[in-house]
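Enquirer: Below is the structure I would like to discuss, written out as structure tokens.
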Amino acid sequence: MLPRLLLLICAPLCEPTGLLLRVSPYWLVDGSPMTLTCVNLLRQRRPAQPQFRFLKDDRALGLDWDHSSQYQVAAVWSEDSGFYSCEMRTAAHRVIKSKRMRIDIQRVPVHNVSLETQPAGGHLAEGQTLVLACLVGGGTGDISFLWYRGALGLNLETKTQRSLSAKFEIPAVRESDSDQYYCAANNGYGPRLSGLVSVTVTVPASRPVLTFRAPGAQALVGDTVELHCEAQTGSPPILYRFYHNGVTLRNSSAPSGGGVSFNLSLTAEHSGNYSCEADNGMGAQRSEVVPLSVTVPKEDKIELTTVVVVEGLFGILGLLTAVLLICCWCKRKIGRPSAKDSVRSPPRPPLRESTYLNTTSPEQRQPIYENVNVGRRDEVYSLAYCMQQEWQPATAERLRTPANGQDPSVIYSGVIKVDIMGEDEDYEDAM
């Protein structure tokens, strides 16, 4: 009697469960899908229209009871790891349970960590926003992102999120933010570091100040004056330009920042307005205009006045000479006779006998006048002859002529002989 009673009590406990929980795929990692299947091993006693449910750590998943023997999860993560089981309920409300199964979802370690800057290249002007984006090429689960600055690794920010990228921003950068940066990512398998990225913050050059450094209170001709231009702020290198009355005088660069200077030996022409300009690629800035008056000593003034007067006289003489040459050339051009004009002066008349040959006054002379036209329209010259003849014997009937071939009794007055080619030759007045 007792053995039968023990058999009735132990039979339900010793009976096989008849259910088996299967999972696919067998190897699960973060982000992969998972399918759970509840298999009935008691086929000969399979109940009609059974209902199933799936549990994790003894808590139902999804709907409480369903006629489907499968449960699907689109993506599982490491925190989904735990003990899973399934249950079947018959029409008689009998519940059959499977054994519990340990399911572990593995994480994929992060890899290919990199740091990027926005704007690209890491070159910013002071006041802009710097974005440091930490990226991973792969990895699953929650990833912790960390940002560091400098070789010593000063931690700037830490973020934990389920994504393959994260960003850290510096709203308004300053010149002191210029440095090297890197980031790290960790999802439980140890941190993975990115490479170093350089960030350069450029400060525009401020308005420069131009100053003069003279040996005395007054700038004199011959003095050496130092021109100094400097911008109080601005990232190097800075290019400086000096101007005199708006014309570029000199360029000079300051590779390490600060100001630049150069010496100028003064002359009278160096008087005027001076300015300078500073440019480091972020926009040029020009200084205020500074006047410079160069004083000329009295001795130099006298010499300068003499030079100016002499130069002025030479200039006037040169101009007058040019005007006279032009006038002479024009006069010759207008008064020169053409080839058609011929010399219209009649030939020299032969000596004529005086009408007073028989007179007792052998000294009496008879003048003879002739007009000679030499080819010019407004010029007529007169030729006067004064003849003297004495009564000579028959053996001396011819007139006497001087040895040089010139009649002494002929008076030439203002005679201009014109040759065939039009060249003028002046004859001297002869008595």
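Naming works like this for the structure tokens: A, B, ... for the chains as they're shown, residue 1 at the start of each chain, ligands 1 onward in shown order.
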Which of region 146-339 of chain A end up as strand (DSSP E or B) when DSSP is run on this backbone - answer as a ChimeraX atom specification?
Expert: /A:146-149,154-161,165-170,179-186,192-193,197-202,209-213,220,224-230,238-244,247-254,260-265,272-279,285-286,290-292,295
Enquirer: Within 9 Å of region 103-119 of chain A, counting only C-alpha atoms, which residues qualify if same-chain residues fewer than 2 places away don't, as a PyMOL selection string?
Expert: chain A and resi 23+27-32+76-84+101+121-124+129-141+143+164+181-197+199
Enquirer: In Å to one decimal, how far is CA of Ala151 (chain A) from CA of Thr233 (chain A)?
Expert: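 Atom-to-atom, CA of Thr233 (chain A) to CA of Ala151 (chain A), that is 27.1 Å.
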Enquirer: Which of these residues is nearest to Thr211 (chain A), using only C-alpha atoms: A:Ser287, A:Asn280, A:Asn245, A:Thr158?
Expert: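 That would be A:Ser287, the residue with the smallest distance to Thr211 (chain A).
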Enquirer: Rounded to one decimal place, report the CA of Leu264 (chain A)-CA of Glu226 (chain A) distance in Å.
Expert: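 Value for the CA of Leu264 (chain A)-CA of Glu226 (chain A) distance: 6.3 Å.
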Enquirer: Just list as an MDAnalysis selection string whatever in region 123-302 of chain A DSSP marks as helix (DSSP H, G or I).
Expert: chainID A and resid 175:177 268:270 298:302
Enquirer: Could you check how far CA of Gln180 (chain A) sits from CA of Gly258 (chain A), in Å to one decimal?
Expert: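 Separation of CA of Gln180 (chain A) and CA of Gly258 (chain A): 24.8 Å.
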Enquirer: Within 10 Å of Asp66 (chain A), counting only C-alpha atoms, which residues qualify if same-chain residues fewer than 4 places away don't, as a tab-separated table (two decimals) with N, CA and C atoms, in the first residue's frame?
Expert:
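Wrote it out as around29.tsv, contents follow:
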chain	number	residue	atom	x	y	z
A	50	PRO	N	-2.15	23.94	-28.04
A	50	PRO	CA	-1.44	24.41	-26.85
A	50	PRO	C	-1.11	25.90	-26.97
A	51	GLN	N	-0.78	26.52	-25.90
A	51	GLN	CA	-0.34	27.92	-25.84
A	51	GLN	C	1.05	27.98	-25.19
A	52	PHE	N	1.82	28.97	-25.67
A	52	PHE	CA	3.22	29.07	-25.22
A	52	PHE	C	3.51	30.49	-24.71
A	53	ARG	N	4.51	30.53	-23.86
A	53	ARG	CA	5.06	31.83	-23.46
A	53	ARG	C	6.54	31.63	-23.10
A	54	PHE	N	7.29	32.74	-23.22
A	54	PHE	CA	8.75	32.70	-23.00
A	54	PHE	C	9.08	33.64	-21.86
A	62	GLY	N	7.08	39.66	-23.88
A	62	GLY	CA	6.02	39.90	-24.84
A	62	GLY	C	4.66	39.60	-24.25
A	70	GLN	N	7.36	30.25	-31.23
A	70	GLN	CA	8.60	31.00	-31.44
A	70	GLN	C	8.46	32.43	-30.90
A	71	TYR	N	9.60	32.95	-30.47
A	71	TYR	CA	9.66	34.34	-30.01
A	71	TYR	C	10.91	34.97	-30.65
A	88	MET	N	4.39	25.68	-21.81
A	88	MET	CA	3.26	25.28	-22.66
A	88	MET	C	2.05	24.98	-21.77
A	89	ARG	N	0.91	25.50	-22.19
A	89	ARG	CA	-0.33	25.27	-21.42
A	89	ARG	C	-1.32	24.52	-22.31
